[in-house]
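Trainee: Below are the structure tokens for one structure; questions will follow.
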Amino acid sequence: MFGYIQPDIPYMYVKDGLLYKAMYCGLCKSIGRCCGQTARLALSYDMTFLSALLHNIKNTDVTIKSRRCAAHPFVKRPIADDDDITRTVACLNTALTYYKLTDDIEDENKGRFSRSFFKKGFKKAKALHPRAAEIIARHMEHLRKLEKENCASLDRAADPFGMMIADLSDYCLGEEFATQYTRDLFYGIGKWVYLIDALDDYDKDVKKKNYNPFYAAFGESVREKMLEKNAEEVDFVFKSVFAENAESLKNIKFYFNRDLTDNIILRGLPAATKRVTCGCHKKVKPTKIKLR
């Protein structure tokens, strides 16, 4: 999840923006402590969202204090305190980055230099959370097989990534807080991330002859033409995910104010989809690390 999960800022409360930024800074520091300083290069607001969602579902309060950091040494900033959830998300962020870069090397023979920055951090993350690393490796392998088969089904192509996020949510939440509804929500978010990334990279993938599920399904060489001819089907795929996410949200117990996560899930994801569809999407904290 790198750059697509964003809040709908015009409808975001100031208090939630401050909390989000504080948790972002807290996650940055936690990555440095758990996985080393270079691993912080892959920090994103996507994983901050994951942290916020897990904190709320697990009834874990967030303590924010004013601190300085290396990036802002002179002026103190609100930074969330470290805790078990933040440390786990920090390790997941590093492991996901490492496995994705490994996938890039195997598929396109690129990413070796980038991956070298995360090798030590990945070893630390894997040592702390071996089960999470196994979950990521297993689903990435399944995803790789479908891509090599040139899978023409959007649902099948997105399923491994959705299942990976769902399994990771079960791991993070544990038996006390994990339910079928939380699993369904995280599955839907993972599925959306994979599909929106593919739609955003459509023209580039076609040009480089990389696998793209939308191209495999519809066969148009230009994204604009693909969307023009298959608008209803593409729209249905995304709206189905949004509807299922909204239904799951209704059945999940949240312990704190849910304005932030509701804004992102119910408004942010559809807004990002609209931006990508019209070709005017701009990621928050752009990164060269891609999901596919």
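Every chain in the structure tokens has a letter given in the order shown (A, B, ...), and although residue numbers restart at 1 in each chain, ligands are simply numbered from 1 in the order shown.
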Determine, counting only C-alpha atoms, which protein, DNA and RNA residues have an atom within 8 Å of an atom of His139 of chain A; residues of the same chain fewer than 2 positions away are not included. Present the result as a count of residues only.
Mentor: 10
Trainee: Can you check which parts of segment 167-251 of chain A lie within 12 Å of segment 88-92 of chain A? Per residue, the shortest pair of atoms and distance in Å to one decimal, counting only C-alpha atoms, sorted by chain and number, as CSV.
Mentor:
```
residue,atom,partner,partner_atom,distance
A:Leu168,CA,A:Leu92,CA,8.6
A:Ser169,CA,A:Val89,CA,10.4
A:Tyr171,CA,A:Thr88,CA,9.9
A:Cys172,CA,A:Thr88,CA,7.5
A:Leu173,CA,A:Thr88,CA,10.7
```
Trainee: Kindly save the residues from that selection, with N, CA and C atoms included, as a short mmCIF file (atom, residue, chain, number, x, y, z; two decimals), in the first residue's frame.
Mentor:
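For reference, selection_20.cif as written:
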```cif
data_model
loop_
_atom_site.label_atom_id
_atom_site.label_comp_id
_atom_site.auth_asym_id
_atom_site.auth_seq_id
_atom_site.Cartn_x
_atom_site.Cartn_y
_atom_site.Cartn_z
N LEU A 168 -2.97 -10.67 7.16
CA LEU A 168 -2.15 -9.81 8.02
C LEU A 168 -3.01 -9.10 9.07
N SER A 169 -4.25 -8.77 8.71
CA SER A 169 -5.15 -8.14 9.69
C SER A 169 -5.49 -9.12 10.81
N TYR A 171 -3.58 -11.51 11.81
CA TYR A 171 -2.36 -11.62 12.59
C TYR A 171 -2.21 -10.44 13.55
N CYS A 172 -2.47 -9.25 13.07
CA CYS A 172 -2.31 -8.05 13.90
C CYS A 172 -3.39 -7.94 14.98
N LEU A 173 -4.61 -8.31 14.64
CA LEU A 173 -5.72 -8.13 15.57
C LEU A 173 -5.79 -9.24 16.62
#
```
Trainee: Using only C-alpha atoms, which of the listed residues (A:Tyr45, A:Tyr255, A:Tyr211, A:Trp192) sits closest to Leu146 of chain A?
Mentor: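 Closest to Leu146 of chain A, using only C-alpha atoms: A:Tyr211.
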Trainee: Near Ala127 of chain A, within 12 Å and counting only C-alpha atoms, which residues show up once chain neighbours fewer than 6 positions away are dropped, as a list of chain:residue names?
Mentor: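 In the requested form, the answer reads A:Cys34, A:Cys35, A:Thr88, A:Cys91, A:Leu92, A:Ala95, A:Lys120, A:Gly121, A:Ala133, A:Glu134.
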Trainee: Next, write the just-selected residues to a file, as a compact mmCIF listing (two decimals), in the first residue's frame, keeping N, CA and C atoms as the atom set.
Mentor:
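Listing of result13.txt after writing:
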```
# COMPACT_ATOMS: atom_id res chain seq x y z
N CYS A 34 12.89 -0.32 14.84
CA CYS A 34 12.70 -1.75 14.61
C CYS A 34 13.53 -2.30 13.45
N CYS A 35 13.65 -1.51 12.39
CA CYS A 35 14.22 -2.03 11.15
C CYS A 35 15.41 -1.25 10.63
N THR A 88 4.59 -3.31 15.07
CA THR A 88 4.19 -4.37 14.14
C THR A 88 3.98 -3.81 12.74
N CYS A 91 7.24 -3.12 10.99
CA CYS A 91 7.86 -4.32 10.42
C CYS A 91 7.13 -4.77 9.16
N LEU A 92 5.81 -4.65 9.15
CA LEU A 92 5.04 -5.02 7.96
C LEU A 92 5.42 -4.11 6.79
N ALA A 95 8.77 -5.34 5.47
CA ALA A 95 8.67 -6.65 4.83
C ALA A 95 7.94 -6.56 3.49
N LYS A 120 18.83 -5.40 5.50
CA LYS A 120 19.04 -5.53 6.94
C LYS A 120 17.73 -5.31 7.70
N GLY A 121 16.97 -4.32 7.26
CA GLY A 121 15.70 -4.05 7.91
C GLY A 121 14.74 -5.20 7.79
N ALA A 133 5.93 -12.44 7.80
CA ALA A 133 6.79 -12.56 6.62
C ALA A 133 6.37 -13.75 5.77
N GLU A 134 5.98 -14.84 6.42
CA GLU A 134 5.53 -16.03 5.69
C GLU A 134 4.22 -15.75 4.95
```
Trainee: So the first atom is atom CA of Leu43 of chain A and the second is atom CA of Cys28 of chain A; what is the distance between them in Å, to one decimal place?
Mentor: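 Pair atom CA of Leu43 of chain A / atom CA of Cys28 of chain A returns 6.4 Å.
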Trainee: Give me the residues within 10 Å of segment 226-232 of chain A as an MDAnalysis selection string, counting only C-alpha atoms and dropping any in the same chain fewer than 2 places off.
Mentor: chainID A and resid 199 202 214:215 217:224 234:237 277:278
Trainee: Looking only at the backbone, which of the residues in segment 20-258 of chain A does DSSP tag as strand (DSSP E), as a list in words?
Mentor: Ile64, Lys65, Ser66, Arg67, Arg77, Pro78, Ile79 and Ala80 of chain A
Trainee: Please report, as number ranges by chain, each residue of segment 31-240 of chain A to which DSSP assigns alpha helix (DSSP H) when run on this structure's backbone.
Mentor: A: 31-35, 45-57, 84-108, 112-116, 119-128, 130-148, 154-177, 180-200, 202-208, 213-218, 223-229, 231-240
